[in-house]
file work_5.cif (mmCIF, C-alpha atoms and all ligand atoms)
data_target
#
loop_
_atom_site.label_atom_id
_atom_site.label_comp_id
_atom_site.auth_asym_id
_atom_site.auth_seq_id
_atom_site.Cartn_x
_atom_site.Cartn_y
_atom_site.Cartn_z
CA MET A 1229 -18.64 -52.11 -27.67
CA ALA A 1230 -22.28 -51.10 -28.03
CA TYR A 1231 -24.61 -53.57 -26.32
CA GLN A 1232 -27.92 -54.42 -28.00
CA LEU A 1233 -30.62 -55.28 -25.49
CA ASN A 1234 -33.58 -57.33 -26.71
CA LEU A 1235 -36.32 -56.04 -24.49
CA ASN A 1236 -39.82 -54.81 -25.19
CA TRP A 1237 -39.72 -51.87 -22.77
CA PRO A 1238 -43.42 -50.87 -22.81
CA GLU A 1239 -44.42 -54.47 -22.10
CA PHE A 1240 -41.70 -54.91 -19.47
CA LEU A 1241 -42.73 -51.72 -17.65
CA GLU A 1242 -46.37 -52.66 -17.67
CA LYS A 1243 -45.96 -56.25 -16.51
CA TYR A 1244 -42.83 -56.37 -14.37
CA TRP A 1245 -41.28 -53.03 -13.38
CA GLN A 1246 -41.69 -52.68 -9.58
CA LYS A 1247 -44.19 -55.54 -9.67
CA GLN A 1248 -42.73 -58.96 -10.41
CA PRO A 1249 -39.31 -60.51 -10.88
CA VAL A 1250 -38.65 -62.06 -14.28
CA VAL A 1251 -35.90 -63.88 -16.15
CA LEU A 1252 -35.23 -62.36 -19.57
CA LYS A 1253 -33.55 -65.17 -21.49
CA HIS A 1254 -31.01 -64.17 -24.16
CA ALA A 1255 -31.61 -60.47 -23.50
CA PHE A 1256 -28.11 -59.89 -24.87
CA VAL A 1257 -27.17 -62.18 -27.76
CA ASP A 1258 -23.53 -63.38 -27.86
CA PHE A 1259 -22.77 -61.48 -24.67
CA VAL A 1260 -19.14 -60.41 -24.26
CA ASP A 1261 -17.92 -59.44 -20.78
CA PRO A 1262 -16.77 -55.79 -20.80
CA ILE A 1263 -14.21 -56.36 -18.04
CA THR A 1264 -11.96 -59.25 -16.99
CA PRO A 1265 -11.78 -60.67 -13.47
CA ASP A 1266 -8.20 -59.33 -13.24
CA GLU A 1267 -9.34 -55.83 -14.11
CA LEU A 1268 -12.09 -56.05 -11.49
CA ALA A 1269 -9.55 -57.20 -8.93
CA GLY A 1270 -7.34 -54.23 -9.92
CA LEU A 1271 -10.22 -51.82 -9.30
CA ALA A 1272 -10.85 -53.43 -5.91
CA MET A 1273 -7.27 -52.44 -4.96
CA GLU A 1274 -8.08 -48.74 -5.48
CA PRO A 1275 -9.13 -46.75 -2.40
CA GLU A 1276 -11.70 -44.75 -4.41
CA VAL A 1277 -13.59 -47.88 -5.40
CA ASP A 1278 -16.12 -49.31 -2.97
CA SER A 1279 -15.49 -53.08 -2.92
CA ARG A 1280 -15.92 -56.11 -0.71
CA ILE A 1281 -15.28 -59.82 -0.52
CA VAL A 1282 -17.88 -62.17 0.91
CA SER A 1283 -17.12 -65.80 1.71
CA HIS A 1284 -19.07 -68.72 3.07
CA VAL A 1285 -16.94 -71.57 4.41
CA ASN A 1286 -18.23 -74.39 6.62
CA GLY A 1287 -21.44 -72.50 7.30
CA GLN A 1288 -19.52 -69.40 8.41
CA TRP A 1289 -20.16 -66.10 6.58
CA GLN A 1290 -17.32 -63.56 6.38
CA ALA A 1291 -17.08 -60.13 4.73
CA TRP A 1292 -14.18 -57.75 4.19
CA ASN A 1293 -14.23 -54.25 2.74
CA GLY A 1294 -11.66 -53.10 0.17
CA PRO A 1295 -9.31 -51.73 -0.90
CA PHE A 1296 -7.50 -55.08 -1.09
CA GLU A 1297 -3.76 -55.58 -1.38
CA GLN A 1298 -3.88 -59.16 -2.61
CA PHE A 1299 -6.30 -62.00 -3.27
CA ASP A 1300 -4.15 -64.95 -2.17
CA ASN A 1301 -5.45 -67.42 0.41
CA LEU A 1302 -9.05 -67.14 -0.78
CA GLY A 1303 -9.05 -70.60 -2.29
CA GLU A 1304 -10.96 -71.78 -5.34
CA THR A 1305 -14.46 -72.02 -3.92
CA ASN A 1306 -17.09 -70.20 -1.87
CA TRP A 1307 -16.29 -66.53 -2.26
CA SER A 1308 -17.30 -63.47 -4.28
CA LEU A 1309 -15.63 -60.15 -4.97
CA LEU A 1310 -18.02 -57.22 -5.50
CA ALA A 1311 -17.29 -53.67 -6.65
CA GLN A 1312 -19.78 -50.79 -6.73
CA ALA A 1313 -20.11 -48.03 -9.33
CA VAL A 1314 -17.74 -49.68 -11.78
CA ASN A 1315 -19.35 -47.51 -14.47
CA HIS A 1316 -17.48 -44.56 -12.89
CA TRP A 1317 -14.10 -46.19 -13.42
CA HIS A 1318 -14.20 -48.51 -16.41
CA ALA A 1319 -15.44 -47.15 -19.76
CA PRO A 1320 -16.20 -50.52 -21.45
CA ALA A 1321 -18.22 -51.62 -18.40
CA ALA A 1322 -20.08 -48.28 -18.46
CA GLU A 1323 -21.31 -49.25 -21.96
CA LEU A 1324 -23.55 -51.84 -20.28
CA VAL A 1325 -25.54 -49.06 -18.63
CA LYS A 1326 -26.50 -47.43 -21.94
CA PRO A 1327 -29.27 -49.84 -22.99
CA PHE A 1328 -30.99 -49.04 -19.68
CA GLN A 1329 -31.01 -45.29 -20.31
CA VAL A 1330 -34.54 -45.74 -21.62
CA LEU A 1331 -35.46 -45.42 -17.94
CA PRO A 1332 -35.36 -42.01 -16.17
CA GLN A 1333 -31.75 -41.11 -15.40
CA TRP A 1334 -32.60 -39.79 -11.94
CA ARG A 1335 -33.65 -43.29 -10.86
CA PHE A 1336 -30.36 -44.91 -11.87
CA ASP A 1337 -27.88 -45.67 -9.12
CA ASP A 1338 -24.86 -47.63 -10.31
CA LEU A 1339 -23.38 -50.68 -11.99
CA MET A 1340 -22.18 -53.21 -9.43
CA ILE A 1341 -20.03 -56.08 -10.70
CA SER A 1342 -19.41 -59.35 -8.93
CA PHE A 1343 -16.90 -62.09 -9.59
CA SER A 1344 -17.77 -65.40 -7.93
CA VAL A 1345 -16.03 -68.74 -7.78
CA PRO A 1346 -18.03 -72.01 -7.47
CA GLY A 1347 -20.12 -72.00 -4.32
CA GLY A 1348 -19.75 -68.20 -4.07
CA GLY A 1349 -22.53 -65.68 -3.47
CA VAL A 1350 -23.59 -63.10 -0.91
CA GLY A 1351 -26.36 -65.29 0.52
CA PRO A 1352 -30.16 -64.87 0.61
CA HIS A 1353 -31.09 -61.21 0.99
CA ILE A 1354 -33.49 -58.42 0.07
CA ASP A 1355 -32.50 -55.24 -1.79
CA GLN A 1356 -34.36 -51.97 -1.61
CA TYR A 1357 -33.77 -51.18 -5.26
CA ASP A 1358 -34.76 -52.48 -8.66
CA VAL A 1359 -31.96 -54.49 -10.14
CA PHE A 1360 -31.24 -56.00 -13.53
CA ILE A 1361 -28.68 -58.75 -12.89
CA ILE A 1362 -26.93 -59.60 -16.14
CA GLN A 1363 -25.18 -62.95 -16.32
CA GLY A 1364 -21.74 -62.64 -17.83
CA MET A 1365 -19.21 -65.48 -18.04
CA GLY A 1366 -19.96 -68.70 -16.15
CA SER A 1367 -23.30 -69.69 -14.73
CA ARG A 1368 -25.23 -69.15 -11.54
CA ARG A 1369 -28.42 -70.55 -10.14
CA TRP A 1370 -30.73 -67.75 -9.04
CA ARG A 1371 -33.62 -68.27 -6.69
CA VAL A 1372 -36.13 -65.49 -6.07
CA GLY A 1373 -38.92 -65.67 -3.51
CA ASP A 1374 -42.20 -63.78 -3.25
CA LYS A 1375 -42.42 -60.39 -1.59
CA LEU A 1376 -43.67 -61.42 1.83
CA PRO A 1377 -42.85 -60.23 5.34
CA MET A 1378 -39.60 -62.03 6.23
CA ARG A 1379 -37.24 -62.17 9.15
CA GLN A 1380 -33.89 -60.51 8.44
CA PHE A 1381 -30.76 -61.22 10.47
CA CYS A 1382 -27.00 -60.61 10.37
CA PRO A 1383 -24.91 -63.80 9.96
CA HIS A 1384 -21.95 -61.36 10.07
CA PRO A 1385 -22.05 -57.68 11.15
CA ALA A 1386 -21.62 -56.58 7.50
CA LEU A 1387 -24.26 -58.89 6.00
CA LEU A 1388 -28.06 -58.79 6.21
CA HIS A 1389 -29.71 -62.06 5.26
CA VAL A 1390 -33.27 -63.39 5.17
CA ASP A 1391 -34.69 -66.71 6.32
CA PRO A 1392 -34.98 -69.50 3.73
CA PHE A 1393 -37.77 -68.85 1.21
CA THR A 1394 -39.84 -70.80 -1.30
CA PRO A 1395 -38.73 -69.75 -4.78
CA ILE A 1396 -41.10 -68.38 -7.40
CA ILE A 1397 -38.09 -68.31 -9.78
CA ASP A 1398 -35.41 -71.00 -9.70
CA GLU A 1399 -33.23 -70.88 -12.80
CA ASP A 1400 -29.69 -71.24 -14.01
CA LEU A 1401 -28.64 -68.09 -15.87
CA GLU A 1402 -26.39 -68.26 -18.90
CA PRO A 1403 -24.30 -65.48 -20.43
CA GLY A 1404 -26.57 -62.72 -21.77
CA ASP A 1405 -29.59 -63.64 -19.61
CA ILE A 1406 -31.00 -61.01 -17.25
CA LEU A 1407 -32.79 -61.48 -13.97
CA TYR A 1408 -34.89 -58.45 -13.07
CA ILE A 1409 -35.82 -58.14 -9.37
CA PRO A 1410 -38.01 -55.35 -7.95
CA PRO A 1411 -37.36 -54.06 -4.41
CA GLY A 1412 -38.34 -56.37 -1.57
CA PHE A 1413 -38.15 -59.77 -3.29
CA PRO A 1414 -35.72 -62.12 -1.50
CA HIS A 1415 -33.06 -63.62 -3.78
CA ASP A 1416 -29.93 -65.73 -3.72
CA GLY A 1417 -27.39 -66.50 -6.41
CA PHE A 1418 -25.34 -69.69 -6.14
CA THR A 1419 -22.35 -70.03 -8.44
CA HIS A 1420 -21.89 -73.23 -10.45
CA GLU A 1421 -19.09 -72.05 -12.73
CA THR A 1422 -16.80 -69.11 -12.01
CA ALA A 1423 -19.00 -66.18 -12.94
CA MET A 1424 -19.23 -62.48 -13.58
CA ASN A 1425 -22.51 -60.71 -12.86
CA TYR A 1426 -23.45 -57.13 -13.67
CA SER A 1427 -26.11 -55.46 -11.51
CA ILE A 1428 -27.70 -52.36 -12.98
CA GLY A 1429 -29.39 -50.79 -9.96
CA PHE A 1430 -32.21 -48.26 -9.77
CA ARG A 1431 -32.95 -46.73 -6.42
CA GLY A 1432 -35.85 -44.59 -5.25
CA PRO A 1433 -35.09 -42.33 -2.28
CA ASN A 1434 -37.00 -43.10 0.91
CA GLY A 1435 -38.95 -40.54 2.92
CA ARG A 1436 -36.29 -40.49 5.63
CA ASP A 1437 -33.56 -39.52 3.15
CA LEU A 1438 -35.80 -36.83 1.64
CA ILE A 1439 -36.76 -35.25 4.97
CA SER A 1440 -33.22 -35.33 6.30
CA SER A 1441 -31.75 -33.80 3.14
CA PHE A 1442 -34.47 -31.13 3.02
CA ALA A 1443 -33.72 -30.29 6.66
CA ASP A 1444 -30.04 -29.78 5.73
CA TYR A 1445 -31.12 -27.52 2.85
CA ALA A 1446 -33.38 -25.50 5.19
CA LEU A 1447 -30.49 -24.98 7.61
CA GLU A 1448 -28.01 -24.02 4.87
CA ASN A 1449 -30.49 -21.57 3.35
CA ASP A 1450 -31.81 -20.19 6.61
CA LEU A 1451 -35.39 -21.22 5.84
CA GLY A 1452 -38.23 -21.64 8.29
CA GLY A 1453 -37.05 -19.11 10.87
CA GLU A 1454 -40.60 -17.97 11.69
CA HIS A 1455 -41.84 -19.21 15.04
CA TYR A 1456 -45.21 -20.68 15.85
CA SER A 1457 -47.61 -17.90 16.81
CA ASP A 1458 -51.11 -17.91 18.33
CA PRO A 1459 -52.56 -14.42 18.71
CA ASP A 1460 -56.00 -16.07 18.76
CA LEU A 1461 -55.25 -18.02 21.96
CA THR A 1462 -58.15 -18.23 24.44
CA CYS A 1463 -58.37 -19.66 27.97
CA ARG A 1464 -58.77 -23.41 28.00
CA GLU A 1465 -59.68 -25.99 30.57
CA HIS A 1466 -56.91 -28.55 29.91
CA THR A 1467 -53.58 -26.78 29.54
CA GLY A 1468 -51.65 -30.04 29.55
CA ARG A 1469 -52.89 -31.05 26.09
CA VAL A 1470 -51.80 -29.98 22.62
CA GLU A 1471 -55.05 -29.31 20.76
CA ALA A 1472 -55.79 -30.77 17.34
CA TYR A 1473 -55.95 -27.31 15.70
CA GLU A 1474 -52.47 -26.56 17.15
CA LEU A 1475 -51.05 -29.77 15.73
CA GLU A 1476 -52.62 -28.85 12.39
CA ARG A 1477 -50.96 -25.43 12.51
CA LEU A 1478 -47.56 -26.99 13.31
CA ARG A 1479 -47.96 -29.50 10.48
CA GLY A 1480 -48.91 -26.60 8.21
CA MET A 1481 -45.69 -24.75 9.12
CA MET A 1482 -43.64 -27.73 8.04
CA ILE A 1483 -45.66 -28.46 4.90
CA SER A 1484 -45.53 -24.84 3.76
CA MET A 1485 -41.72 -25.06 3.65
CA ILE A 1486 -41.87 -28.09 1.38
CA ASN A 1487 -44.70 -26.56 -0.63
CA ASP A 1488 -42.55 -23.65 -1.76
CA PRO A 1489 -41.96 -24.73 -5.40
CA GLU A 1490 -38.73 -22.79 -5.82
CA HIS A 1491 -37.06 -24.24 -2.75
CA PHE A 1492 -38.44 -27.70 -3.41
CA GLU A 1493 -36.95 -27.77 -6.90
CA LYS A 1494 -33.65 -26.24 -5.84
CA TRP A 1495 -33.28 -28.69 -2.99
CA PHE A 1496 -34.35 -31.74 -4.99
CA GLY A 1497 -32.11 -30.88 -7.95
CA SER A 1498 -29.12 -30.64 -5.68
CA PHE A 1499 -30.08 -33.75 -3.69
CA ILE A 1500 -30.68 -35.98 -6.70
CA THR A 1501 -27.52 -34.94 -8.56
CA THR A 1502 -25.25 -35.52 -5.58
CA PRO A 1503 -23.19 -38.60 -6.49
CA ARG A 1504 -23.45 -41.55 -4.13
CA HIS A 1505 -20.09 -42.91 -5.27
CA GLU A 1506 -16.82 -41.18 -6.09
CA LEU A 1507 -16.31 -39.84 -9.59
CA ASP A 1508 -13.23 -40.32 -11.71
CA ILE A 1509 -12.55 -36.61 -12.17
CA ALA A 1510 -9.16 -36.08 -13.82
CA PRO A 1511 -6.85 -34.51 -11.21
CA GLU A 1512 -5.30 -32.15 -13.76
CA ALA A 1513 -8.27 -30.28 -15.14
CA ASP A 1514 -8.05 -29.35 -18.80
CA ASP A 1515 -7.38 -25.77 -19.73
CA TYR A 1516 -9.31 -25.22 -22.94
CA THR A 1517 -10.27 -21.79 -24.16
CA ALA A 1518 -13.87 -21.27 -25.21
CA GLN A 1519 -12.72 -20.76 -28.79
CA GLU A 1520 -10.93 -24.14 -28.83
CA ILE A 1521 -14.06 -25.89 -27.59
CA VAL A 1522 -16.38 -24.16 -30.04
CA ASP A 1523 -13.98 -24.86 -32.95
CA ALA A 1524 -13.67 -28.53 -32.03
CA LEU A 1525 -17.45 -28.96 -31.79
CA LYS A 1526 -17.99 -27.15 -35.08
CA GLU A 1527 -15.43 -29.45 -36.69
CA GLY A 1528 -17.62 -32.38 -35.67
CA GLN A 1529 -15.96 -33.51 -32.45
CA VAL A 1530 -18.27 -34.49 -29.59
CA LEU A 1531 -18.15 -34.08 -25.84
CA THR A 1532 -18.73 -37.12 -23.62
CA ARG A 1533 -20.16 -36.72 -20.14
CA LEU A 1534 -18.01 -38.08 -17.33
CA SER A 1535 -19.44 -41.50 -16.52
CA GLY A 1536 -21.58 -41.44 -13.37
CA LEU A 1537 -21.87 -37.63 -13.36
CA ARG A 1538 -25.45 -36.74 -12.52
CA VAL A 1539 -26.88 -34.06 -14.80
CA LEU A 1540 -30.61 -33.42 -14.55
CA ARG A 1541 -33.29 -30.94 -15.34
CA VAL A 1542 -35.73 -30.32 -12.50
CA GLY A 1543 -38.56 -28.01 -13.51
CA ASP A 1544 -36.84 -25.24 -15.43
CA ARG A 1545 -33.57 -25.52 -13.55
CA PHE A 1546 -30.47 -27.51 -14.48
CA PHE A 1547 -28.29 -29.36 -11.99
CA ILE A 1548 -24.84 -30.83 -12.38
CA ASN A 1549 -23.16 -32.75 -9.60
CA SER A 1550 -25.29 -31.09 -6.87
CA GLU A 1551 -24.85 -27.53 -8.24
CA CYS A 1552 -27.49 -25.46 -10.02
CA LEU A 1553 -26.25 -24.35 -13.45
CA GLU A 1554 -27.11 -20.71 -14.08
CA THR A 1555 -27.29 -20.71 -17.83
CA VAL A 1556 -27.91 -18.25 -20.65
CA ASP A 1557 -29.25 -20.98 -22.93
CA ALA A 1558 -31.94 -23.22 -21.48
CA GLN A 1559 -32.26 -25.28 -24.66
CA ALA A 1560 -28.57 -26.17 -24.71
CA ALA A 1561 -28.60 -26.90 -20.97
CA ASP A 1562 -31.57 -29.19 -21.59
CA ALA A 1563 -29.43 -31.07 -24.15
CA LEU A 1564 -26.67 -31.47 -21.53
CA CYS A 1565 -29.23 -33.20 -19.29
CA ARG A 1566 -30.76 -35.30 -22.02
CA TYR A 1567 -27.76 -36.71 -23.87
CA THR A 1568 -24.57 -38.22 -22.52
CA VAL A 1569 -22.73 -37.37 -25.76
CA ILE A 1570 -23.26 -33.91 -27.25
CA GLY A 1571 -22.02 -32.10 -30.31
CA GLN A 1572 -22.94 -29.27 -32.58
CA GLN A 1573 -26.23 -30.89 -33.50
CA GLU A 1574 -27.48 -31.01 -29.92
CA LEU A 1575 -26.08 -27.63 -28.85
CA GLY A 1576 -27.19 -25.74 -31.96
CA SER A 1577 -26.93 -21.95 -32.02
CA ALA A 1578 -25.77 -21.88 -28.38
CA LEU A 1579 -22.25 -22.39 -29.73
CA ASP A 1580 -22.43 -18.91 -31.28
CA ASN A 1581 -23.24 -17.37 -27.91
CA PRO A 1582 -19.96 -16.47 -26.15
CA ALA A 1583 -21.68 -16.55 -22.73
CA PHE A 1584 -22.82 -20.16 -23.25
CA ALA A 1585 -19.43 -21.12 -24.70
CA GLY A 1586 -17.95 -19.78 -21.46
CA GLU A 1587 -20.30 -21.91 -19.35
CA LEU A 1588 -19.48 -25.02 -21.37
CA THR A 1589 -15.76 -24.32 -21.15
CA ALA A 1590 -15.96 -24.12 -17.36
CA LEU A 1591 -17.71 -27.51 -17.28
CA VAL A 1592 -15.14 -29.11 -19.57
CA ASN A 1593 -12.25 -27.61 -17.61
CA GLN A 1594 -13.74 -29.03 -14.39
CA GLY A 1595 -13.49 -32.49 -15.96
CA TYR A 1596 -17.26 -32.98 -16.28
CA TRP A 1597 -17.21 -33.41 -20.07
CA TYR A 1598 -14.31 -34.46 -22.25
CA PHE A 1599 -13.36 -34.95 -25.88
CA ASP A 1600 -12.97 -38.66 -26.54
CA GLU A 1601 -9.72 -38.97 -28.42
C1 LIG B 1 -24.14 -60.76 -6.85
O1 LIG B 1 -23.86 -60.42 -7.99
O2 LIG B 1 -23.66 -61.76 -6.33
C2 LIG B 1 -25.10 -59.99 -5.99
C3 LIG B 1 -26.19 -59.39 -6.76
C4 LIG B 1 -27.39 -59.20 -5.88
O3 LIG B 1 -27.90 -60.13 -5.32
O4 LIG B 1 -27.90 -58.09 -5.74
CO CO B 2 -29.29 -58.49 -4.30
#

call {"tool": "encode", "arguments": {"input": "work_5.cif", "output": "structure tokens"}}
result
Amino acid sequence: MAYQLNLNWPEFLEKYWQKQPVVLKHAFVDFVDPITPDELAGLAMEPEVDSRIVSHVNGQWQAWNGPFEQFDNLGETNWSLLAQAVNHWHAPAAELVKPFQVLPQWRFDDLMISFSVPGGGVGPHIDQYDVFIIQGMGSRRWRVGDKLPMRQFCPHPALLHVDPFTPIIDEDLEPGDILYIPPGFPHDGFTHETAMNYSIGFRGPNGRDLISSFADYALENDLGGEHYSDPDLTCREHTGRVEAYELERLRGMMISMINDPEHFEKWFGSFITTPRHELDIAPEADDYTAQEIVDALKEGQVLTRLSGLRVLRVGDRFFINSECLETVDAQAADALCRYTVIGQQELGSALDNPAFAGELTALVNQGYWYFDE
């Protein structure tokens, strides 16, 4: 089903995005859960799906990672089951992501779904991403504190909690309400009535991730092999000190690698389109001919992008699932990045170019796009 989100995006971005948490009451009218608790439990039994159970009994926090074989012995209170990247595995749940595609696709991370029984929750914590928590069935009380320096600690090796906080938001959410929380604001959801929650997460990379990934790229591409040189060296009094101008030269060597626009774009395109969660790529790839694909598109069929596949344009280059797409038709490749469903209208005259039809066929046969029957 297509979800209609009642949200004034320009106003939301100006007032709240990355600034303040907010409850958006009735953001979805007559909200219908896209997945049942049983289906979620089924996904948590699959090894490809990243899932966990968190419980809190008699003051004792516990956490277990999936895949799970059964859910007996958990009791009727005080636990939650959480599964990451459900949008990769469950098409109706992936529909929930669509209303948020107003935001840049490169910032989107995944759809996490939780099922919680009364008393369940993961405890007070801080996330380093922007999250829209949609309330599905049931109800939960959400408390959000201000973004202040806070002590974090591990009540269990797999859980990172924060000290108690004074809430700036303290509300019961009903089906269709959304709680938006920017990075760094402590929050805690306590379940009143058995509940489903849908977290649409947006994550910005941190400097550490960027530097480490760029270093990998430099190694793979044999960049930065030139050594420091100092033909202008003169005698100095203190030979045990690295001089400021030398530090500046070393910094310059590193910055010049990052400043190379071609390498920067090639690296970033690959980095940002590398999936952080497994994709549901069909094991038996399709074997279409280019003619079959062109005919189907010209007859009005459309191609749907594999859910969770990261397809982005960076500068004038196109990246799909960490690979740069060498294309004969930049306009059509741009459409592949822009739209998650494409047909003749979006691809235009590229369909009459056999070289582009060949590129598209390779992508479809790899399982990256498919005809929705
Ligand atoms: C949950 O759904 O219980 C966890 C969501 C969150 O706090 O990020
Ligand atoms: Co959280």

call {"tool": "closest_atom_pairs", "arguments": {"input": "work_5.cif", "of": "chain A", "to": "ligand CO 2 (chain B)", "cutoff": "7 Å", "atoms": "only C-alpha atoms and all ligand atoms", "output": "Markdown table"}}
result
| residue | atom | partner | partner_atom | distance |
| --- | --- | --- | --- | --- |
| A:His1353 | CA | B:CO2 | CO | 6.2 |
| A:Ile1354 | CA | B:CO2 | CO | 6.1 |
| A:Asp1355 | CA | B:CO2 | CO | 5.2 |
| A:His1415 | CA | B:CO2 | CO | 6.4 |

call {"tool": "write_last_selection", "arguments": {"input": "work_5.cif", "atoms": "C-alpha atoms", "output": "JSON list (two decimals), keeping the file's coordinate frame"}}
result
[["chain", "number", "residue", "atom", "x", "y", "z"],
["A", 1353, "HIS", "CA", -31.09, -61.21, 0.99],
["A", 1354, "ILE", "CA", -33.49, -58.42, 0.07],
["A", 1355, "ASP", "CA", -32.50, -55.24, -1.79],
["A", 1415, "HIS", "CA", -33.06, -63.62, -3.78]]

call {"tool": "closest_residue", "arguments": {"input": "work_5.cif", "among": "A:Val1345, A:Ile1428, A:Met1273, A:Ile1281", "to": "Ser1367 (chain A)", "atoms": "only C-alpha atoms"}}
result
A:Val1345

call {"tool": "residues_around", "arguments": {"input": "work_5.cif", "residues": "Ser1279 (chain A)", "least_positions_apart": "2", "cutoff": "10 Å", "atoms": "all atoms listed in the file", "output": "ChimeraX atom specification"}}
result
/A:1268-1269,1271-1277,1281,1292-1296,1309-1314,1340-1342

call {"tool": "closest_residue", "arguments": {"input": "work_5.cif", "among": "A:Glu1297, A:Glu1476, A:Asp1358, A:Glu1399", "to": "ligand LIG 1 (chain B)", "atoms": "all atoms listed in the file"}}
result
A:Asp1358

call {"tool": "residues_near_point", "arguments": {"input": "work_5.cif", "point": "(-18.0, -24.0, -28.9)", "cutoff": "12 Å", "atoms": "all atoms listed in the file", "output": "PyMOL selection string"}}
result
chain A and resi 1516-1531+1560+1570-1590+1592

call {"tool": "axis_aligned_box", "arguments": {"input": "work_5.cif", "around": "region 1547-1550 of chain A", "padding_each_side": "6 Å", "output": "AutoDock Vina command-line options"}}
result
--center_x -25.7 --center_y -31.1 --center_z -9.6 --size_x 17.1 --size_y 15.4 --size_z 17.5

call {"tool": "residues_near_ligand", "arguments": {"input": "work_5.cif", "ligand": "ligand LIG 1 (chain B)", "cutoff": "6 Å", "atoms": "only C-alpha atoms and all ligand atoms", "output": "list in words"}}
result
Ser1342, Gly1349, Val1350 and Asn1425 of chain A

call {"tool": "closest_residue", "arguments": {"input": "work_5.cif", "among": "A:Ala1291, A:Val1250, A:Val1285, A:Ala1321", "to": "Leu1388 (chain A)", "atoms": "all atoms listed in the file"}}
result
A:Ala1291

call {"tool": "residues_near_point", "arguments": {"input": "work_5.cif", "point": "(-30.2, -46.9, -22.9)", "cutoff": "12 Å", "atoms": "only C-alpha atoms", "output": "PyMOL selection string"}}
result
chain A and resi 1230-1235+1237+1322-1333+1336+1428+1566-1568

call {"tool": "closest_atom_pairs", "arguments": {"input": "work_5.cif", "of": "region 1476-1566 of chain A", "to": "region 1596-1601 of chain A", "cutoff": "10 Å", "atoms": "only C-alpha atoms", "output": "CSV"}}
result
residue,atom,partner,partner_atom,distance
A:Leu1507,CA,A:Tyr1596,CA,9.6
A:Asp1508,CA,A:Tyr1596,CA,9.5
A:Ile1509,CA,A:Tyr1596,CA,7.2
A:Ala1510,CA,A:Tyr1596,CA,9.0
A:Ala1513,CA,A:Tyr1596,CA,9.5
A:Asp1514,CA,A:Tyr1598,CA,8.8
A:Ile1521,CA,A:Phe1599,CA,9.2
A:Ala1524,CA,A:Phe1599,CA,8.9
A:Leu1525,CA,A:Phe1599,CA,9.4
A:Gln1529,CA,A:Phe1599,CA,7.2
A:Val1530,CA,A:Phe1599,CA,6.2
A:Leu1531,CA,A:Phe1599,CA,4.9
A:Thr1532,CA,A:Tyr1598,CA,5.3
A:Arg1533,CA,A:Trp1597,CA,4.4
A:Leu1534,CA,A:Tyr1596,CA,5.3
A:Ser1535,CA,A:Tyr1596,CA,8.8
A:Gly1536,CA,A:Tyr1596,CA,9.9
A:Leu1537,CA,A:Tyr1596,CA,7.2
A:Arg1538,CA,A:Tyr1596,CA,9.8
A:Val1539,CA,A:Tyr1596,CA,9.8
A:Ile1548,CA,A:Tyr1596,CA,8.8
A:Asn1549,CA,A:Tyr1596,CA,8.9
A:Leu1564,CA,A:Trp1597,CA,9.8

call {"tool": "closest_atom_pairs", "arguments": {"input": "work_5.cif", "of": "region 1398-1492 of chain A", "to": "region 1255-1260 of chain A", "cutoff": "10 Å", "atoms": "only C-alpha atoms", "output": "CSV"}}
result
residue,atom,partner,partner_atom,distance
A:Glu1402,CA,A:Phe1259,CA,9.6
A:Pro1403,CA,A:Phe1259,CA,6.0
A:Gly1404,CA,A:Phe1256,CA,4.5
A:Asp1405,CA,A:Ala1255,CA,5.4
A:Ile1406,CA,A:Ala1255,CA,6.3
A:Leu1407,CA,A:Ala1255,CA,9.7

call {"tool": "atom_distance", "arguments": {"input": "work_5.cif", "atom1": "CA of Ala1561 (chain A)", "atom2": "CA of Arg1545 (chain A)"}}
result
9.0 Å
